[in-house]
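See below for the structure under consideration.
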Amino acid sequence: MAAKSAARRQPAKPDTKVKTARKGRAATQPPRTPRAEAGRRPGVTKPINLALQGGGAHGAFTWGVLDRLLEDGRTFFEGVSGTSAGAFNAVALAAGLQAGGAEGARERLEALWRAASDAARLSPLRSSGSSQVAFDLMTRMISPYQFNPMDLNPLRGLLEDAVDFAALRRAAPVKLFVAATEVASGRARVFETREISVDVVLASACLPQLHHAVKIGRHHYWDGGFSANPAILPVIEACETPDTLIVQLNPDRDTELPTRAGEITARMMRLTFNQPFRREIETIELCRRVAREGIAIGGRLRRRVKRHRFHLIEAAPYTKDLKEHSRLTPEWDLLCHLRDCGRRAAEAWLKKQHREVGRNSTVDLAQKFL
């Protein structure tokens with residue numbers, strides 16, 4: 001049954017192709033293996049959900065994780081929750097799976113990240129020199145409604161080129177969950193598959209110092225990292241698969257005391273974007289404690305949370321030595337480095353922990369994060 005479901009969600013043979021590589025860049029391509037063509041195999045393939053954190057250009061690490069899982073072929077995805085860069089990866093993954101199975105997804109992810117790198121070439125954030133310092137100072141004094149009154153955003157065009165949102169809304173091969181933050185209240189708004197659009201993804205990645213708030217319906221939204229990074233409970237509630245793999249981009253702790261102005265600002269932002277994740281884990285642990293005590297509150301969700309298994313791949317060991325501004329500088333060499341790091345991390349997870357999917361959690365969320 002699992003194999004049939006997998007084949008239905010992720011067809012092994014792509015029927016469309018996406019242009020990705022250019023001449024001279026072949027050396028940056030990860031290797032293609034026979035396993036990638038073999039696809040899913042009966043008795044080996046396991047379903048899992050994905051929860052993908054935001055982290056700007058560091059989201060290329062998640063690209064690498066997904067690339068290796070797709071290449072390996074022993075895992076298929078029921079639900080994918082993403083915030084900010086995680087949302088970009090989520091919709092690219094879904095669009096690629098829909099168009100061409102696992103190989104189509106790998107190609108679509110690369111196409112999106114390459115386009116993001118190309119679009120950033122003229123950005124003042126591109127270098128670490130005086131232009132970046134000047135732009136940082138400007139964004140502290142002038143709002144994007146002043147320095148970018150037309151709200152020009154190159155990400156809109158590259159998303160529209162890479163993803164057929166209408167097709168995803170009609171028949172996405174995975175259940176999608178994209179989080180954004182309502183500006184008026186600060187509450188998380190989790191958009192599901194039937195609501196996914198280019199505006200939803202842009203809202204999920206809308207840093208208020210760089211872009212206008214995104215209006216969807218009657219409300220305006222900012223980056224989902226302020227309120228859900230990423231949203232996990234909606235995945236548990238809506239998906240039958242009782243295993244979720246979290247790809248964590250933001251380190252959960254840093255013992256070095258920040259003393260410089262830039263370091264303090266970076267730490268403040270990191271704490272801000274980590275808090276929603278911690279709160280959600282607190283809620284999960286509360287639900288589990290209530291379930292263990294036999295209190296009949298929130299029946300269905302409580303039961304699902306109680307039996308849910310969690311797994312984790314962390315970027316921190318690979319990104320700890322990168323400068324904080326690297327999150328805003330999607331240069332191709334950096335993206336390829338992060339992709340390769342993500343592939344290595346996924347390879348290690350596949351070797352050590354994949355066998356536990358469907359059997360046991362491989363991370364104690366309370367012990368690690370609370």
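Convention: chains lettered A, B, ... in structure tokens order; per-chain residue numbering from 1; ligands numbered from 1 as shown.
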
Would you kindly return, as a compact mmCIF listing (two decimals) with all heavy atoms, in the first residue's frame, each protein, DNA or RNA residue with an atom no farther than 12 Å from any atom of Ser185 of chain A, considering only C-alpha atoms and excluding same-chain residues fewer than 4 positions away?
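Output (part_7.txt):
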```txt
# COMPACT_ATOMS: atom_id res chain seq x y z
N ALA A 180 2.78 32.72 7.43
CA ALA A 180 3.08 34.15 7.37
C ALA A 180 2.56 34.78 8.65
O ALA A 180 1.78 34.17 9.39
CB ALA A 180 2.45 34.78 6.14
N THR A 181 2.98 36.01 8.93
CA THR A 181 2.60 36.69 10.16
C THR A 181 1.68 37.86 9.84
O THR A 181 2.05 38.76 9.07
CB THR A 181 3.84 37.22 10.90
OG1 THR A 181 4.73 36.14 11.17
CG2 THR A 181 3.45 37.88 12.21
N ARG A 189 -0.52 32.89 10.43
CA ARG A 189 -1.54 32.47 9.47
C ARG A 189 -0.92 31.38 8.63
O ARG A 189 0.07 31.62 7.92
CB ARG A 189 -1.98 33.65 8.61
CG ARG A 189 -2.86 33.26 7.42
CD ARG A 189 -4.28 32.87 7.87
NE ARG A 189 -5.21 32.97 6.76
CZ ARG A 189 -5.46 32.00 5.87
NH1 ARG A 189 -4.80 30.85 5.98
NH2 ARG A 189 -6.33 32.17 4.91
N HIS A 219 -6.00 41.39 4.73
CA HIS A 219 -4.95 41.50 5.73
C HIS A 219 -3.58 41.65 5.08
O HIS A 219 -3.36 41.25 3.94
CB HIS A 219 -4.95 40.27 6.64
CG HIS A 219 -6.26 40.04 7.34
ND1 HIS A 219 -6.67 40.80 8.41
CD2 HIS A 219 -7.26 39.15 7.10
CE1 HIS A 219 -7.86 40.39 8.82
NE2 HIS A 219 -8.24 39.39 8.04
N HIS A 220 -2.67 42.25 5.85
CA HIS A 220 -1.28 42.39 5.42
C HIS A 220 -0.40 41.43 6.23
O HIS A 220 -0.65 41.20 7.42
CB HIS A 220 -0.80 43.82 5.63
CG HIS A 220 -1.41 44.81 4.68
ND1 HIS A 220 -2.64 45.40 4.90
CD2 HIS A 220 -0.96 45.29 3.48
CE1 HIS A 220 -2.92 46.21 3.90
NE2 HIS A 220 -1.93 46.17 3.03
N TYR A 221 0.65 40.94 5.56
CA TYR A 221 1.49 39.92 6.19
C TYR A 221 2.97 40.25 6.06
O TYR A 221 3.43 40.82 5.06
CB TYR A 221 1.21 38.55 5.57
CG TYR A 221 -0.19 38.07 5.81
CD1 TYR A 221 -1.21 38.32 4.88
CD2 TYR A 221 -0.52 37.37 6.97
CE1 TYR A 221 -2.50 37.89 5.11
CE2 TYR A 221 -1.82 36.94 7.20
CZ TYR A 221 -2.80 37.21 6.28
OH TYR A 221 -4.08 36.79 6.51
N TRP A 222 3.71 39.83 7.10
CA TRP A 222 5.17 39.86 7.11
C TRP A 222 5.70 38.43 7.21
O TRP A 222 4.93 37.47 7.24
CB TRP A 222 5.68 40.67 8.30
CG TRP A 222 5.64 42.16 8.11
CD1 TRP A 222 5.58 42.85 6.94
CD2 TRP A 222 5.68 43.15 9.15
NE1 TRP A 222 5.57 44.21 7.17
CE2 TRP A 222 5.64 44.42 8.52
CE3 TRP A 222 5.76 43.09 10.55
CZ2 TRP A 222 5.67 45.61 9.24
CZ3 TRP A 222 5.80 44.27 11.27
CH2 TRP A 222 5.75 45.52 10.62
N PHE A 226 8.36 35.34 12.28
CA PHE A 226 7.98 36.02 13.50
C PHE A 226 6.95 35.24 14.32
O PHE A 226 6.79 35.49 15.51
CB PHE A 226 7.39 37.40 13.17
CG PHE A 226 8.37 38.38 12.60
CD1 PHE A 226 8.21 38.86 11.30
CD2 PHE A 226 9.45 38.82 13.34
CE1 PHE A 226 9.10 39.77 10.77
CE2 PHE A 226 10.36 39.72 12.81
CZ PHE A 226 10.19 40.21 11.52
N SER A 227 6.25 34.30 13.69
CA SER A 227 5.13 33.65 14.38
C SER A 227 5.12 32.13 14.26
O SER A 227 4.53 31.45 15.11
CB SER A 227 3.80 34.19 13.85
OG SER A 227 3.70 34.00 12.44
```

Shell of 12 Å around Gly86 of chain A, only C-alpha atoms, local chain residues under 6 positions omitted, as a count of residues only: 41

DSSP helix (DSSP H, G or I) selection over segment 163-311 of chain A, as a VMD selection string: chain A and resid 165 to 171 193 to 195 198 to 204 224 to 226 233 to 238 261 to 292 299 to 307

Every residue of segment 79-198 of chain A that DSSP places in strand (DSSP E or B), as JSON, numbers by chain: {"A": [79, 80, 81, 82, 83, 175, 176, 177, 178, 179, 180, 181, 182, 188, 189, 190, 191, 192]}

Could you take the residues named above and write them with N, CA, C and O atoms, as a PDB file, in the first residue's frame?
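Just written: again.pdb:
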```
ATOM      1  N   GLY A  79       3.185  15.613   3.837  1.00  0.00           N
ATOM      2  CA  GLY A  79       2.963  17.022   4.127  1.00  0.00           C
ATOM      3  C   GLY A  79       4.275  17.765   4.210  1.00  0.00           C
ATOM      4  O   GLY A  79       5.281  17.236   4.691  1.00  0.00           O
ATOM      5  N   VAL A  80       4.283  19.017   3.719  1.00  0.00           N
ATOM      6  CA  VAL A  80       5.486  19.848   3.772  1.00  0.00           C
ATOM      7  C   VAL A  80       5.091  21.226   4.293  1.00  0.00           C
ATOM      8  O   VAL A  80       4.297  21.927   3.665  1.00  0.00           O
ATOM      9  N   SER A  81       5.654  21.590   5.440  1.00  0.00           N
ATOM     10  CA  SER A  81       5.425  22.907   6.028  1.00  0.00           C
ATOM     11  C   SER A  81       6.686  23.728   5.862  1.00  0.00           C
ATOM     12  O   SER A  81       7.784  23.256   6.170  1.00  0.00           O
ATOM     13  N   GLY A  82       6.536  24.961   5.388  1.00  0.00           N
ATOM     14  CA  GLY A  82       7.708  25.799   5.181  1.00  0.00           C
ATOM     15  C   GLY A  82       7.444  27.241   5.532  1.00  0.00           C
ATOM     16  O   GLY A  82       6.334  27.748   5.359  1.00  0.00           O
ATOM     17  N   THR A  83       8.470  27.905   6.033  1.00  0.00           N
ATOM     18  CA  THR A  83       8.409  29.327   6.352  1.00  0.00           C
ATOM     19  C   THR A  83       9.559  30.033   5.664  1.00  0.00           C
ATOM     20  O   THR A  83      10.696  29.538   5.689  1.00  0.00           O
ATOM     21  N   LYS A 175       0.772  17.753   0.638  1.00  0.00           N
ATOM     22  CA  LYS A 175      -0.016  18.764   1.352  1.00  0.00           C
ATOM     23  C   LYS A 175       0.932  19.881   1.778  1.00  0.00           C
ATOM     24  O   LYS A 175       1.934  19.629   2.444  1.00  0.00           O
ATOM     25  N   LEU A 176       0.597  21.110   1.392  1.00  0.00           N
ATOM     26  CA  LEU A 176       1.471  22.247   1.660  1.00  0.00           C
ATOM     27  C   LEU A 176       0.927  23.105   2.803  1.00  0.00           C
ATOM     28  O   LEU A 176      -0.282  23.314   2.922  1.00  0.00           O
ATOM     29  N   PHE A 177       1.861  23.633   3.607  1.00  0.00           N
ATOM     30  CA  PHE A 177       1.522  24.529   4.708  1.00  0.00           C
ATOM     31  C   PHE A 177       2.575  25.640   4.711  1.00  0.00           C
ATOM     32  O   PHE A 177       3.758  25.368   4.920  1.00  0.00           O
ATOM     33  N   VAL A 178       2.145  26.873   4.468  1.00  0.00           N
ATOM     34  CA  VAL A 178       3.064  28.006   4.403  1.00  0.00           C
ATOM     35  C   VAL A 178       2.634  29.042   5.430  1.00  0.00           C
ATOM     36  O   VAL A 178       1.486  29.492   5.425  1.00  0.00           O
ATOM     37  N   ALA A 179       3.552  29.424   6.297  1.00  0.00           N
ATOM     38  CA  ALA A 179       3.234  30.343   7.389  1.00  0.00           C
ATOM     39  C   ALA A 179       3.646  31.766   7.065  1.00  0.00           C
ATOM     40  O   ALA A 179       4.718  32.014   6.501  1.00  0.00           O
ATOM     41  N   ALA A 180       2.782  32.722   7.431  1.00  0.00           N
ATOM     42  CA  ALA A 180       3.084  34.146   7.370  1.00  0.00           C
ATOM     43  C   ALA A 180       2.558  34.783   8.650  1.00  0.00           C
ATOM     44  O   ALA A 180       1.783  34.174   9.387  1.00  0.00           O
ATOM     45  N   THR A 181       2.980  36.009   8.927  1.00  0.00           N
ATOM     46  CA  THR A 181       2.596  36.693  10.158  1.00  0.00           C
ATOM     47  C   THR A 181       1.683  37.860   9.841  1.00  0.00           C
ATOM     48  O   THR A 181       2.053  38.763   9.073  1.00  0.00           O
ATOM     49  N   GLU A 182       0.486  37.859  10.415  1.00  0.00           N
ATOM     50  CA  GLU A 182      -0.448  38.967  10.208  1.00  0.00           C
ATOM     51  C   GLU A 182       0.098  40.205  10.910  1.00  0.00           C
ATOM     52  O   GLU A 182       0.368  40.188  12.113  1.00  0.00           O
ATOM     53  N   ALA A 188       0.123  33.959  13.713  1.00  0.00           N
ATOM     54  CA  ALA A 188       0.527  33.138  12.572  1.00  0.00           C
ATOM     55  C   ALA A 188      -0.699  32.832  11.715  1.00  0.00           C
ATOM     56  O   ALA A 188      -1.780  32.539  12.236  1.00  0.00           O
ATOM     57  N   ARG A 189      -0.515  32.894  10.429  1.00  0.00           N
ATOM     58  CA  ARG A 189      -1.540  32.468   9.475  1.00  0.00           C
ATOM     59  C   ARG A 189      -0.915  31.380   8.630  1.00  0.00           C
ATOM     60  O   ARG A 189       0.066  31.618   7.921  1.00  0.00           O
ATOM     61  N   VAL A 190      -1.443  30.172   8.727  1.00  0.00           N
ATOM     62  CA  VAL A 190      -0.901  29.045   7.977  1.00  0.00           C
ATOM     63  C   VAL A 190      -1.796  28.796   6.769  1.00  0.00           C
ATOM     64  O   VAL A 190      -2.957  28.403   6.908  1.00  0.00           O
ATOM     65  N   PHE A 191      -1.268  29.065   5.588  1.00  0.00           N
ATOM     66  CA  PHE A 191      -1.995  28.852   4.335  1.00  0.00           C
ATOM     67  C   PHE A 191      -1.802  27.405   3.896  1.00  0.00           C
ATOM     68  O   PHE A 191      -0.682  26.889   3.911  1.00  0.00           O
ATOM     69  N   GLU A 192      -2.882  26.770   3.487  1.00  0.00           N
ATOM     70  CA  GLU A 192      -2.811  25.380   3.055  1.00  0.00           C
ATOM     71  C   GLU A 192      -2.873  25.285   1.532  1.00  0.00           C
ATOM     72  O   GLU A 192      -3.006  26.293   0.839  1.00  0.00           O
TER      73      GLU A 192
END
```

Close residues, Leu301 of chain A itself excluded, 8 Å, only C-alpha atoms, min 4 positions apart in chain, as an MDAnalysis selection string: chainID A and resid 236:237 305

Would you output that residue set with N, CA, C and O atoms, as a compact mmCIF listing (two decimals), in the first residue's frame?
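Below you can see again21.txt, which holds the result:
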```txt
# COMPACT_ATOMS: atom_id res chain seq x y z
N ILE A 236 0.76 17.83 11.77
CA ILE A 236 0.35 16.68 12.57
C ILE A 236 -1.15 16.45 12.47
O ILE A 236 -1.62 15.32 12.36
N GLU A 237 -1.90 17.54 12.49
CA GLU A 237 -3.36 17.43 12.47
C GLU A 237 -3.90 16.99 11.12
O GLU A 237 -4.86 16.22 11.05
N VAL A 305 -0.66 13.96 18.38
CA VAL A 305 0.58 14.50 18.94
C VAL A 305 1.26 13.45 19.82
O VAL A 305 2.48 13.30 19.80
```

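Closest approach to Trp332 of chain A among A:Gln367, A:Asn148, A:Ser117, A:Asn360 is made by A:Ser117 (distances from only C-alpha atoms).
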
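Among A:Leu245, A:Leu112, A:Ile264, A:Cys239, the residue with the shortest atom-to-atom distance to Arg304 of chain A, counting only C-alpha atoms, is A:Cys239.
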